[in-house]
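The file run.cif contains mmCIF, C-alpha atoms and all ligand atoms:
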```cif
data_data
#
loop_
_atom_site.group_PDB
_atom_site.id
_atom_site.type_symbol
_atom_site.label_atom_id
_atom_site.label_comp_id
_atom_site.auth_asym_id
_atom_site.auth_seq_id
_atom_site.Cartn_x
_atom_site.Cartn_y
_atom_site.Cartn_z
ATOM 1 C CA MET A 297 5.741 -28.274 1.564
ATOM 2 C CA GLN A 298 2.429 -28.781 -0.234
ATOM 3 C CA ARG A 299 2.756 -25.510 -2.152
ATOM 4 C CA PRO A 300 5.562 -23.517 -3.834
ATOM 5 C CA GLU A 301 8.081 -21.751 -1.596
ATOM 6 C CA THR A 302 7.206 -18.096 -2.092
ATOM 7 C CA THR A 303 9.095 -14.791 -1.960
ATOM 8 C CA LEU A 304 7.446 -11.397 -2.150
ATOM 9 C CA PHE A 305 9.835 -9.297 -4.247
ATOM 10 C CA MET A 306 9.072 -5.588 -4.347
ATOM 11 C CA LEU A 307 10.424 -2.097 -4.850
ATOM 12 C CA PRO A 308 8.937 0.101 -2.112
ATOM 13 C CA SER A 309 9.801 3.656 -1.091
ATOM 14 C CA VAL A 310 11.060 4.182 2.463
ATOM 15 C CA ASP A 311 7.450 4.986 3.439
ATOM 16 C CA GLY A 312 6.278 1.658 1.978
ATOM 17 C CA LYS A 313 4.621 2.937 -1.203
ATOM 18 C CA ILE A 314 4.876 0.789 -4.326
ATOM 19 C CA SER A 315 3.569 3.384 -6.766
ATOM 20 C CA ALA A 316 4.004 7.133 -7.109
ATOM 21 C CA GLY A 317 0.313 7.868 -6.500
ATOM 22 C CA ASP A 318 -3.284 6.664 -6.648
ATOM 23 C CA ALA A 319 -3.780 7.168 -10.413
ATOM 24 C CA ASP A 320 -2.812 4.534 -12.969
ATOM 25 C CA ILE A 321 -0.873 7.132 -14.957
ATOM 26 C CA LEU A 322 1.645 7.136 -12.084
ATOM 27 C CA ASP A 323 4.019 4.154 -11.926
ATOM 28 C CA PHE A 324 7.437 3.525 -10.335
ATOM 29 C CA ASP A 325 8.890 1.971 -13.515
ATOM 30 C CA VAL A 326 8.144 5.192 -15.393
ATOM 31 C CA ASP A 327 8.398 7.843 -12.688
ATOM 32 C CA LEU A 328 11.416 6.858 -10.566
ATOM 33 C CA PRO A 329 13.825 7.061 -13.551
ATOM 34 C CA LYS A 330 12.925 10.783 -13.722
ATOM 35 C CA ILE A 331 13.682 11.651 -10.088
ATOM 36 C CA LYS A 332 17.197 12.907 -9.298
ATOM 37 C CA GLY A 333 18.676 11.038 -6.336
ATOM 38 C CA VAL A 334 16.491 7.992 -7.052
ATOM 39 C CA LYS A 335 17.142 7.209 -10.721
ATOM 40 C CA GLU A 336 20.861 6.623 -10.226
ATOM 41 C CA GLY A 337 20.547 3.439 -8.163
ATOM 42 C CA LEU A 338 17.381 1.959 -9.676
ATOM 43 C CA TRP A 339 19.303 -0.502 -11.882
ATOM 44 C CA GLN A 340 20.127 -2.534 -8.766
ATOM 45 C CA TYR A 341 16.453 -3.468 -8.354
ATOM 46 C CA TYR A 342 16.278 -4.735 -11.940
ATOM 47 C CA ALA A 343 19.561 -6.630 -11.469
ATOM 48 C CA LEU A 344 18.136 -8.410 -8.392
ATOM 49 C CA GLU A 345 14.826 -9.030 -10.207
ATOM 50 C CA LYS A 346 16.755 -11.014 -12.848
ATOM 51 C CA LYS A 347 17.830 -13.424 -10.084
ATOM 52 C CA THR A 348 14.289 -14.177 -8.881
ATOM 53 C CA ASP A 349 12.454 -17.473 -9.457
ATOM 54 C CA LEU A 350 11.536 -18.780 -12.899
ATOM 55 C CA HIS A 351 7.849 -18.514 -11.971
ATOM 56 C CA SER A 352 6.364 -15.227 -10.922
ATOM 57 C CA LEU A 353 2.848 -14.365 -9.737
ATOM 58 C CA ASN A 354 1.109 -11.140 -10.671
ATOM 59 C CA THR A 355 -2.357 -9.734 -11.388
ATOM 60 C CA GLY A 356 -4.179 -8.796 -14.567
ATOM 61 C CA ARG A 357 -4.736 -5.444 -12.857
ATOM 62 C CA VAL A 358 -0.962 -4.754 -12.776
ATOM 63 C CA MET A 359 -0.444 -6.154 -16.303
ATOM 64 C CA ALA A 360 -3.143 -3.816 -17.653
ATOM 65 C CA LYS A 361 -1.657 -0.880 -15.743
ATOM 66 C CA ILE A 362 1.793 -1.380 -17.279
ATOM 67 C CA GLY A 363 0.200 -1.396 -20.736
ATOM 68 C CA ILE A 364 0.398 -5.090 -21.719
ATOM 69 C CA ASN A 365 -2.943 -4.820 -23.563
ATOM 70 C CA ASN A 366 -1.523 -2.155 -25.895
ATOM 71 C CA ARG A 367 1.939 -3.577 -26.530
ATOM 72 C CA LYS A 368 2.786 -4.232 -30.148
ATOM 73 C CA GLY A 369 5.488 -6.196 -31.907
ATOM 74 C CA GLU A 370 7.305 -9.371 -31.016
ATOM 75 C CA PRO A 371 8.703 -9.501 -27.487
ATOM 76 C CA LYS A 372 11.991 -11.318 -26.891
ATOM 77 C CA LYS A 373 11.052 -14.771 -25.573
ATOM 78 C CA ALA A 374 11.697 -14.929 -21.836
ATOM 79 C CA ALA A 375 12.927 -17.916 -19.834
ATOM 80 C CA PHE A 376 10.410 -17.267 -17.023
ATOM 81 C CA SER A 377 6.725 -18.126 -16.676
ATOM 82 C CA PHE A 378 3.887 -16.066 -15.240
ATOM 83 C CA VAL A 379 0.977 -16.986 -13.003
ATOM 84 C CA ILE A 380 -1.563 -14.186 -13.524
ATOM 85 C CA LEU A 381 -4.749 -13.768 -11.479
ATOM 86 C CA ASP A 382 -7.366 -11.993 -13.545
ATOM 87 C CA ASN A 383 -11.115 -12.126 -13.064
ATOM 88 C CA ARG A 384 -12.646 -8.860 -14.197
ATOM 89 C CA PRO A 385 -11.056 -9.179 -16.915
ATOM 90 C CA HIS A 386 -8.307 -6.564 -16.879
ATOM 91 C CA LEU A 387 -6.474 -8.374 -19.675
ATOM 92 C CA THR A 388 -7.850 -8.235 -23.204
ATOM 93 C CA ALA A 389 -7.390 -10.948 -25.852
ATOM 94 C CA LYS A 390 -4.499 -8.863 -27.231
ATOM 95 C CA GLY A 391 -2.928 -8.660 -23.788
ATOM 96 C CA VAL A 392 -3.127 -12.438 -23.270
ATOM 97 C CA ALA A 393 -1.718 -13.056 -26.764
ATOM 98 C CA TYR A 394 1.187 -10.683 -26.055
ATOM 99 C CA LEU A 395 1.945 -12.386 -22.729
ATOM 100 C CA SER A 396 1.911 -15.808 -24.375
ATOM 101 C CA LYS A 397 4.493 -14.622 -26.905
ATOM 102 C CA TRP A 398 6.620 -13.096 -24.154
ATOM 103 C CA VAL A 399 6.735 -15.667 -21.337
ATOM 104 C CA LYS A 400 7.598 -19.361 -21.468
ATOM 105 C CA LYS A 401 4.258 -20.432 -20.002
ATOM 106 C CA LEU A 402 1.286 -18.400 -18.844
ATOM 107 C CA TYR A 403 -0.962 -19.788 -16.101
ATOM 108 C CA LEU A 404 -4.087 -17.647 -16.268
ATOM 109 C CA VAL A 405 -6.095 -18.001 -13.055
ATOM 110 C CA THR A 406 -9.665 -16.766 -13.246
ATOM 111 C CA THR A 407 -13.192 -17.054 -11.860
ATOM 112 C CA ASN A 408 -14.527 -15.487 -15.051
ATOM 113 C CA SER A 409 -15.948 -18.155 -17.373
ATOM 114 C CA ARG A 410 -16.051 -15.560 -20.160
ATOM 115 C CA HIS A 411 -12.422 -14.502 -19.891
ATOM 116 C CA PRO A 412 -11.032 -13.641 -23.372
ATOM 117 C CA ALA A 413 -8.219 -16.196 -22.871
ATOM 118 C CA PHE A 414 -10.718 -19.065 -23.390
ATOM 119 C CA LYS A 415 -11.271 -18.189 -27.045
ATOM 120 C CA LEU A 416 -7.587 -17.932 -27.918
ATOM 121 C CA LYS A 417 -6.561 -21.574 -27.444
ATOM 122 C CA LEU A 418 -2.844 -20.772 -27.158
ATOM 123 C CA ARG A 419 -0.476 -23.684 -26.632
ATOM 124 C CA ASN A 420 1.553 -22.182 -23.787
ATOM 125 C CA VAL A 421 -1.462 -20.744 -21.926
ATOM 126 C CA GLU A 422 -2.943 -22.915 -19.180
ATOM 127 C CA ILE A 423 -6.241 -21.550 -17.881
ATOM 128 C CA ILE A 424 -6.920 -22.407 -14.245
ATOM 129 C CA TYR A 425 -10.619 -21.787 -13.828
ATOM 130 C CA SER A 426 -12.727 -22.118 -10.705
ATOM 131 C CA ARG A 427 -16.019 -20.525 -9.663
ATOM 132 C CA LYS A 428 -14.457 -19.133 -6.475
ATOM 133 C CA MET A 429 -10.875 -17.930 -5.935
ATOM 134 C CA ASP A 430 -9.320 -20.056 -3.196
ATOM 135 C CA LEU A 431 -5.696 -19.015 -2.894
ATOM 136 C CA LYS A 432 -4.621 -21.940 -0.696
ATOM 137 C CA SER A 433 -5.968 -24.569 -3.075
ATOM 138 C CA LEU A 434 -4.600 -22.625 -6.055
ATOM 139 C CA PHE A 435 -1.120 -22.727 -4.504
ATOM 140 C CA SER A 436 -1.283 -26.447 -3.789
ATOM 141 C CA LYS A 437 -2.403 -27.018 -7.381
ATOM 142 C CA LEU A 438 0.540 -24.919 -8.658
ATOM 143 C CA LYS A 439 2.915 -27.359 -6.998
ATOM 144 C CA GLY A 440 0.952 -30.620 -7.130
ATOM 145 C CA LYS A 441 -0.375 -30.398 -10.706
ATOM 146 C CA TYR A 442 2.056 -28.016 -12.405
ATOM 147 C CA GLY A 443 5.266 -28.756 -10.482
ATOM 148 C CA ILE A 444 6.019 -25.137 -9.523
ATOM 149 C CA ARG A 445 8.403 -25.383 -6.560
ATOM 150 C CA LYS A 446 9.431 -21.737 -6.173
ATOM 151 C CA LEU A 447 7.326 -18.671 -6.868
ATOM 152 C CA THR A 448 8.164 -14.971 -6.749
ATOM 153 C CA ILE A 449 5.179 -12.797 -5.833
ATOM 154 C CA GLN A 450 5.073 -9.438 -7.609
ATOM 155 C CA SER A 451 1.420 -8.446 -7.252
ATOM 156 C CA GLY A 452 0.134 -5.217 -5.688
ATOM 157 C CA GLY A 453 -1.001 -4.427 -2.144
ATOM 158 C CA THR A 454 -4.542 -5.812 -2.420
ATOM 159 C CA LEU A 455 -3.592 -9.338 -3.400
ATOM 160 C CA ASN A 456 -0.454 -9.268 -1.236
ATOM 161 C CA ALA A 457 -2.667 -8.689 1.828
ATOM 162 C CA GLU A 458 -4.713 -11.807 0.991
ATOM 163 C CA LEU A 459 -1.551 -13.843 0.451
ATOM 164 C CA PHE A 460 -0.070 -12.812 3.815
ATOM 165 C CA ARG A 461 -3.333 -13.403 5.653
ATOM 166 C CA ASN A 462 -3.578 -16.889 4.173
ATOM 167 C CA GLY A 463 -0.024 -17.654 5.320
ATOM 168 C CA LEU A 464 1.163 -18.059 1.735
ATOM 169 C CA VAL A 465 4.278 -15.855 1.851
ATOM 170 C CA ASP A 466 7.533 -17.431 3.119
ATOM 171 C CA HIS A 467 10.110 -14.709 2.411
ATOM 172 C CA VAL A 468 10.119 -10.958 1.794
ATOM 173 C CA SER A 469 12.821 -9.490 -0.444
ATOM 174 C CA ILE A 470 12.556 -5.719 -0.784
ATOM 175 C CA VAL A 471 14.726 -3.141 -2.449
ATOM 176 C CA LEU A 472 14.101 0.107 -0.563
ATOM 177 C CA ALA A 473 14.248 3.099 -2.886
ATOM 178 C CA PRO A 474 15.618 6.236 -1.201
ATOM 179 C CA VAL A 475 12.466 8.317 -1.495
ATOM 180 C CA ILE A 476 9.372 9.370 0.453
ATOM 181 C CA ILE A 477 6.196 9.385 -1.651
ATOM 182 C CA GLY A 478 3.319 9.975 0.804
ATOM 183 C CA GLY A 479 -0.427 9.818 0.165
ATOM 184 C CA LYS A 480 -2.868 7.709 2.154
ATOM 185 C CA ASP A 481 -4.502 6.184 -0.934
ATOM 186 C CA THR A 482 -1.253 5.317 -2.683
ATOM 187 C CA PRO A 483 -0.704 1.517 -2.897
ATOM 188 C CA THR A 484 1.693 0.069 -0.331
ATOM 189 C CA LEU A 485 3.460 -3.273 -0.060
ATOM 190 C CA VAL A 486 0.431 -4.725 1.738
ATOM 191 C CA ASP A 487 -2.977 -3.048 1.639
ATOM 192 C CA GLY A 488 -6.331 -4.844 1.924
ATOM 193 C CA GLU A 489 -8.695 -4.403 4.834
ATOM 194 C CA SER A 490 -7.347 -2.606 7.924
ATOM 195 C CA LEU A 491 -7.408 -4.464 11.209
ATOM 196 C CA HIS A 492 -10.417 -3.431 13.304
ATOM 197 C CA SER A 493 -10.168 -5.350 16.564
ATOM 198 C CA LYS A 494 -7.683 -7.015 18.919
ATOM 199 C CA LYS A 495 -8.806 -10.331 17.458
ATOM 200 C CA ASP A 496 -7.625 -9.166 14.040
ATOM 201 C CA LEU A 497 -4.061 -8.909 15.411
ATOM 202 C CA GLY A 498 -3.840 -12.575 14.465
ATOM 203 C CA HIS A 499 -3.352 -11.332 10.881
ATOM 204 C CA VAL A 500 -0.102 -9.553 11.803
ATOM 205 C CA ARG A 501 3.007 -11.298 10.490
ATOM 206 C CA ALA A 502 6.359 -10.968 12.268
ATOM 207 C CA LEU A 503 9.549 -11.161 10.194
ATOM 208 C CA LYS A 504 13.042 -12.458 10.860
ATOM 209 C CA LEU A 505 15.794 -10.479 9.158
ATOM 210 C CA LYS A 506 18.130 -12.815 7.249
ATOM 211 C CA LYS A 507 20.101 -10.357 5.152
ATOM 212 C CA CYS A 508 20.585 -6.600 4.929
ATOM 213 C CA THR A 509 22.738 -5.249 2.116
ATOM 214 C CA VAL A 510 23.550 -1.586 1.719
ATOM 215 C CA LEU A 511 23.507 -0.980 -2.028
ATOM 216 C CA LYS A 512 24.890 1.938 -4.009
ATOM 217 C CA ASN A 513 23.168 5.347 -4.221
ATOM 218 C CA SER A 514 21.358 5.008 -0.850
ATOM 219 C CA TYR A 515 19.394 1.866 -1.815
ATOM 220 C CA VAL A 516 19.043 -1.011 0.684
ATOM 221 C CA HIS A 517 18.153 -4.658 0.035
ATOM 222 C CA LEU A 518 16.342 -6.367 2.909
ATOM 223 C CA TYR A 519 15.596 -10.096 3.014
ATOM 224 C CA TYR A 520 13.333 -11.595 5.689
ATOM 225 C CA ASP A 521 11.741 -14.915 6.539
ATOM 226 C CA VAL A 522 8.055 -14.639 7.425
ATOM 227 C CA LEU A 523 7.229 -16.227 10.788
ATOM 228 C CA ASN A 524 3.973 -17.858 9.663
HETATM 229 N N1 LIG B 1 6.838 -1.285 -6.777
HETATM 230 C C1 LIG B 1 6.579 -2.567 -7.009
HETATM 231 O O1 LIG B 1 7.449 -3.435 -6.788
HETATM 232 C C2 LIG B 1 5.221 -2.990 -7.501
HETATM 233 C C3 LIG B 1 4.993 -4.316 -7.854
HETATM 234 C C4 LIG B 1 3.700 -4.687 -8.227
HETATM 235 C C5 LIG B 1 2.686 -3.749 -8.282
HETATM 236 N N2 LIG B 1 2.953 -2.455 -7.976
HETATM 237 C C6 LIG B 1 1.871 -1.439 -7.998
HETATM 238 O O2 LIG B 1 0.778 -1.911 -7.214
HETATM 239 C C7 LIG B 1 -0.419 -1.326 -7.696
HETATM 240 C C8 LIG B 1 -1.489 -2.403 -7.873
HETATM 241 O O3 LIG B 1 -1.897 -2.826 -6.619
HETATM 242 P P1 LIG B 1 -3.438 -3.138 -6.371
HETATM 243 O O4 LIG B 1 -3.580 -3.366 -4.914
HETATM 244 O O5 LIG B 1 -4.248 -2.077 -7.017
HETATM 245 O O6 LIG B 1 -3.697 -4.436 -7.227
HETATM 246 P P2 LIG B 1 -3.266 -5.966 -7.062
HETATM 247 O O7 LIG B 1 -3.170 -6.357 -5.648
HETATM 248 O O8 LIG B 1 -2.096 -6.212 -7.937
HETATM 249 O O9 LIG B 1 -4.486 -6.666 -7.751
HETATM 250 C C9 LIG B 1 -5.761 -6.660 -7.192
HETATM 251 C C10 LIG B 1 -6.587 -7.620 -8.008
HETATM 252 O O10 LIG B 1 -6.189 -8.954 -7.763
HETATM 253 C C11 LIG B 1 -7.258 -9.798 -8.126
HETATM 254 N N3 LIG B 1 -7.505 -10.867 -7.190
HETATM 255 C C12 LIG B 1 -7.641 -12.155 -7.526
HETATM 256 N N4 LIG B 1 -7.863 -12.900 -6.466
HETATM 257 C C13 LIG B 1 -7.909 -12.085 -5.417
HETATM 258 C C14 LIG B 1 -8.140 -12.282 -4.037
HETATM 259 N N5 LIG B 1 -8.354 -13.507 -3.511
HETATM 260 N N6 LIG B 1 -8.126 -11.213 -3.245
HETATM 261 C C15 LIG B 1 -7.889 -9.993 -3.745
HETATM 262 N N7 LIG B 1 -7.661 -9.749 -5.045
HETATM 263 C C16 LIG B 1 -7.670 -10.797 -5.884
HETATM 264 C C17 LIG B 1 -8.487 -8.908 -8.214
HETATM 265 O O11 LIG B 1 -8.689 -8.851 -9.601
HETATM 266 P P3 LIG B 1 -10.114 -8.760 -10.313
HETATM 267 O O12 LIG B 1 -10.429 -7.298 -10.293
HETATM 268 O O13 LIG B 1 -9.775 -9.296 -11.634
HETATM 269 O O14 LIG B 1 -11.069 -9.581 -9.502
HETATM 270 C C18 LIG B 1 -8.043 -7.564 -7.682
HETATM 271 O O15 LIG B 1 -8.642 -6.496 -8.346
HETATM 272 C C19 LIG B 1 -0.088 -0.667 -9.000
HETATM 273 O O16 LIG B 1 0.015 0.722 -8.786
HETATM 274 C C20 LIG B 1 1.275 -1.242 -9.369
HETATM 275 O O17 LIG B 1 2.038 -0.374 -10.138
HETATM 276 C C21 LIG B 1 4.202 -2.063 -7.600
#
```

Show the structure stored in the file as structure tokens.
Amino acid sequence: MQRPETTLFMLPSVDGKISAGDADILDFDVDLPKIKGVKEGLWQYYALEKKTDLHSLNTGRVMAKIGINNRKGEPKKAAFSFVILDNRPHLTAKGVAYLSKWVKKLYLVTTNSRHPAFKLKLRNVEIIYSRKMDLKSLFSKLKGKYGIRKLTIQSGGTLNAELFRNGLVDHVSIVLAPVIIGGKDTPTLVDGESLHSKKDLGHVRALKLKKCTVLKNSYVHLYYDVLN
């Protein structure tokens, strides 16, 4: 394969939501531990997360939401590396500096020539800059130039939609939390543009179930191959 083998690893509710609502103040990591009937089994998601690939892809948007820009102190050095897509920028210089202290290597992918990461010149931060974001060529570069063979995708619904539609997701590994969240504007596993015509049905991805594990406290782990 000319790109890393990829697995989307997520914690959705039974109705497919990946956050508790449409405001950034709401977040599964913070809110689910407070809900009786849900909090008890949540540890199983974090235990499975520890077994994911050594490289994980996420967005500056999610990093900013979980408060990376405001984190203080010295994080414990992790064994994993991050590939972070961030154009706007959502990450500040402080956020990038914190990430570089935390992860083994940070690949910062951006179309923003004025991203704060450029000024920092950190040894374990590789900036992958291009004028236009081309996910397919980014993925082949991740393998060809940087030797990343396996990649866990942990971004939100907007980017996940682009990744699926570009045929860049090989496996889906989801830990279903026993809860219904609701809300039509609440992020789901895959958001992006809705399909509008029969022609758009070409974007639909069928899945082949490879593993289904009933976990404790009404959680379920589902593992699929994507039929790209
Ligand atoms: N439960 C879980 O397992 C889980 C895991 C992850 C996230 N989440 C939740 O998901 C939510 C975030 O989802 P989201 O949909 O708002 O954000 P997202 O998909 O994580 O990020 C969207 C951003 O990705 C960047 N991007 C770069 N290249 C892109 C491309 N080719 N196409 C589209 N976007 C591209 C854009 O950043 P720029 O604005 O910089 O251009 C865009 O704003 C949060 O609520 C988070 O808590 C939950």

Practice prompt. Point out the residue among A:Val500, A:Val379, A:Leu505, A:Leu523 with the least atom-to-atom distance to Asp466 in chain A, counting all atoms listed in the file.
Written response: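 Distance minimum relative to Asp466 in chain A lands on A:Leu523.
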
Discussion item. At a cut-off of 8 Å around ligand LIG 1 (chain B), and using all atoms listed in the file, what residues come up? Please write them as a VMD selection string.
Written reply: chain A and resid 305 to 308 313 to 320 322 to 325 354 to 358 361 to 362 381 to 386 406 429 to 431 450 to 459 482 to 488

Write out, as a CSV table (one decimal), keeping the file's coordinate frame, the residues just selected, with C-alpha atoms.
```csv
chain,number,residue,atom,x,y,z
A,305,PHE,CA,9.8,-9.3,-4.2
A,306,MET,CA,9.1,-5.6,-4.3
A,307,LEU,CA,10.4,-2.1,-4.8
A,308,PRO,CA,8.9,0.1,-2.1
A,313,LYS,CA,4.6,2.9,-1.2
A,314,ILE,CA,4.9,0.8,-4.3
A,315,SER,CA,3.6,3.4,-6.8
A,316,ALA,CA,4.0,7.1,-7.1
A,317,GLY,CA,0.3,7.9,-6.5
A,318,ASP,CA,-3.3,6.7,-6.6
A,319,ALA,CA,-3.8,7.2,-10.4
A,320,ASP,CA,-2.8,4.5,-13.0
A,322,LEU,CA,1.6,7.1,-12.1
A,323,ASP,CA,4.0,4.2,-11.9
A,324,PHE,CA,7.4,3.5,-10.3
A,325,ASP,CA,8.9,2.0,-13.5
A,354,ASN,CA,1.1,-11.1,-10.7
A,355,THR,CA,-2.4,-9.7,-11.4
A,356,GLY,CA,-4.2,-8.8,-14.6
A,357,ARG,CA,-4.7,-5.4,-12.9
A,358,VAL,CA,-1.0,-4.8,-12.8
A,361,LYS,CA,-1.7,-0.9,-15.7
A,362,ILE,CA,1.8,-1.4,-17.3
A,381,LEU,CA,-4.7,-13.8,-11.5
A,382,ASP,CA,-7.4,-12.0,-13.5
A,383,ASN,CA,-11.1,-12.1,-13.1
A,384,ARG,CA,-12.6,-8.9,-14.2
A,385,PRO,CA,-11.1,-9.2,-16.9
A,386,HIS,CA,-8.3,-6.6,-16.9
A,406,THR,CA,-9.7,-16.8,-13.2
A,429,MET,CA,-10.9,-17.9,-5.9
A,430,ASP,CA,-9.3,-20.1,-3.2
A,431,LEU,CA,-5.7,-19.0,-2.9
A,450,GLN,CA,5.1,-9.4,-7.6
A,451,SER,CA,1.4,-8.4,-7.3
A,452,GLY,CA,0.1,-5.2,-5.7
A,453,GLY,CA,-1.0,-4.4,-2.1
A,454,THR,CA,-4.5,-5.8,-2.4
A,455,LEU,CA,-3.6,-9.3,-3.4
A,456,ASN,CA,-0.5,-9.3,-1.2
A,457,ALA,CA,-2.7,-8.7,1.8
A,458,GLU,CA,-4.7,-11.8,1.0
A,459,LEU,CA,-1.6,-13.8,0.5
A,482,THR,CA,-1.3,5.3,-2.7
A,483,PRO,CA,-0.7,1.5,-2.9
A,484,THR,CA,1.7,0.1,-0.3
A,485,LEU,CA,3.5,-3.3,-0.1
A,486,VAL,CA,0.4,-4.7,1.7
A,487,ASP,CA,-3.0,-3.0,1.6
A,488,GLY,CA,-6.3,-4.8,1.9
```

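Residue nearest Ile331 in chain A within the list A:Gly363, A:Gln298, A:Ile477, A:His411: A:Ile477 [criterion: smallest interatomic distance, only C-alpha atoms].
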
Discussion item. Which residues would end up in the selection if the PyMOL selection byres (((chain A and resi 516) around 12) and not hetatm) were applied here, given that I need the answer as a VMD selection string?
Written reply: chain A and resid 307 to 310 337 to 338 340 to 341 344 469 to 475 507 to 515 517 to 519

Discussion item. I need the residue nearest Tyr403 in chain A from this list: A:Gly478, A:Ile424, A:Lys335, A:Tyr342. Use only C-alpha atoms for the distance.
Written reply: A:Ile424

List as a PDB file with C-alpha atoms, keeping the file's coordinate frame the protein and nucleic acid residues near Gly369 in chain A, meaning an atom at most 12 Å away when only C-alpha atoms are counted, but skip any in the same chain fewer than 4 places from it.
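Below you can see part04.pdb, which holds the result:
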```pdb
ATOM      1  CA  ILE A 364       0.398  -5.090 -21.719  1.00  0.00           C
ATOM      2  CA  ASN A 365      -2.943  -4.820 -23.563  1.00  0.00           C
ATOM      3  CA  LYS A 390      -4.499  -8.863 -27.231  1.00  0.00           C
ATOM      4  CA  GLY A 391      -2.928  -8.660 -23.788  1.00  0.00           C
ATOM      5  CA  ALA A 393      -1.718 -13.056 -26.764  1.00  0.00           C
ATOM      6  CA  TYR A 394       1.187 -10.683 -26.055  1.00  0.00           C
ATOM      7  CA  LEU A 395       1.945 -12.386 -22.729  1.00  0.00           C
ATOM      8  CA  LYS A 397       4.493 -14.622 -26.905  1.00  0.00           C
ATOM      9  CA  TRP A 398       6.620 -13.096 -24.154  1.00  0.00           C
TER      10      TRP A 398
END
```

Worksheet item: Between A:His351, A:Lys415, A:Lys428, A:Lys400, which one has atoms that come closest to Pro371 in chain A, using only C-alpha atoms?
Response: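 When distances to Pro371 in chain A are compared using only C-alpha atoms, the smallest one comes from A:Lys400.
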
Item to complete: Using only C-alpha atoms, pick whichever of A:Met359, A:Thr388, A:Glu422, A:Ser396 has the shortest atom-to-atom distance to Lys372 in chain A.
Response: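 Closest to Lys372 in chain A of all the choices is A:Ser396.
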
Give me range 402-416 of chain A with N, CA and C atoms filled in, as a PDB file, in the coordinates of the input.
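That gives us out.pdb:
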```pdb
ATOM      1  N   LEU A 402       2.181 -19.294 -19.583  1.00  0.00           N
ATOM      2  CA  LEU A 402       1.286 -18.400 -18.844  1.00  0.00           C
ATOM      3  C   LEU A 402       0.191 -19.234 -18.187  1.00  0.00           C
ATOM      4  N   TYR A 403       0.127 -19.169 -16.854  1.00  0.00           N
ATOM      5  CA  TYR A 403      -0.962 -19.788 -16.101  1.00  0.00           C
ATOM      6  C   TYR A 403      -1.953 -18.677 -15.793  1.00  0.00           C
ATOM      7  N   LEU A 404      -3.100 -18.702 -16.435  1.00  0.00           N
ATOM      8  CA  LEU A 404      -4.087 -17.647 -16.268  1.00  0.00           C
ATOM      9  C   LEU A 404      -5.153 -18.132 -15.287  1.00  0.00           C
ATOM     10  N   VAL A 405      -5.182 -17.541 -14.107  1.00  0.00           N
ATOM     11  CA  VAL A 405      -6.095 -18.001 -13.055  1.00  0.00           C
ATOM     12  C   VAL A 405      -7.297 -17.074 -13.020  1.00  0.00           C
ATOM     13  N   THR A 406      -8.491 -17.629 -13.159  1.00  0.00           N
ATOM     14  CA  THR A 406      -9.665 -16.766 -13.246  1.00  0.00           C
ATOM     15  C   THR A 406     -10.929 -17.437 -12.697  1.00  0.00           C
ATOM     16  N   THR A 407     -11.851 -16.578 -12.229  1.00  0.00           N
ATOM     17  CA  THR A 407     -13.192 -17.054 -11.860  1.00  0.00           C
ATOM     18  C   THR A 407     -14.199 -16.613 -12.931  1.00  0.00           C
ATOM     19  N   ASN A 408     -13.672 -16.045 -14.002  1.00  0.00           N
ATOM     20  CA  ASN A 408     -14.527 -15.487 -15.051  1.00  0.00           C
ATOM     21  C   ASN A 408     -14.630 -16.482 -16.216  1.00  0.00           C
ATOM     22  N   SER A 409     -15.794 -17.123 -16.335  1.00  0.00           N
ATOM     23  CA  SER A 409     -15.948 -18.155 -17.373  1.00  0.00           C
ATOM     24  C   SER A 409     -15.965 -17.548 -18.776  1.00  0.00           C
ATOM     25  N   ARG A 410     -16.063 -16.211 -18.839  1.00  0.00           N
ATOM     26  CA  ARG A 410     -16.051 -15.560 -20.160  1.00  0.00           C
ATOM     27  C   ARG A 410     -14.754 -14.778 -20.397  1.00  0.00           C
ATOM     28  N   HIS A 411     -13.703 -15.200 -19.712  1.00  0.00           N
ATOM     29  CA  HIS A 411     -12.422 -14.502 -19.891  1.00  0.00           C
ATOM     30  C   HIS A 411     -11.964 -14.653 -21.349  1.00  0.00           C
ATOM     31  N   PRO A 412     -11.442 -13.561 -21.953  1.00  0.00           N
ATOM     32  CA  PRO A 412     -11.032 -13.641 -23.372  1.00  0.00           C
ATOM     33  C   PRO A 412      -9.994 -14.727 -23.662  1.00  0.00           C
ATOM     34  N   ALA A 413      -9.251 -15.166 -22.646  1.00  0.00           N
ATOM     35  CA  ALA A 413      -8.219 -16.196 -22.871  1.00  0.00           C
ATOM     36  C   ALA A 413      -8.840 -17.503 -23.368  1.00  0.00           C
ATOM     37  N   PHE A 414     -10.103 -17.790 -22.992  1.00  0.00           N
ATOM     38  CA  PHE A 414     -10.718 -19.065 -23.390  1.00  0.00           C
ATOM     39  C   PHE A 414     -10.815 -19.210 -24.906  1.00  0.00           C
ATOM     40  N   LYS A 415     -11.064 -18.102 -25.591  1.00  0.00           N
ATOM     41  CA  LYS A 415     -11.271 -18.189 -27.045  1.00  0.00           C
ATOM     42  C   LYS A 415      -9.974 -18.333 -27.818  1.00  0.00           C
ATOM     43  N   LEU A 416      -8.839 -18.011 -27.163  1.00  0.00           N
ATOM     44  CA  LEU A 416      -7.587 -17.932 -27.918  1.00  0.00           C
ATOM     45  C   LEU A 416      -6.950 -19.291 -28.195  1.00  0.00           C
TER      46      LEU A 416
END
```
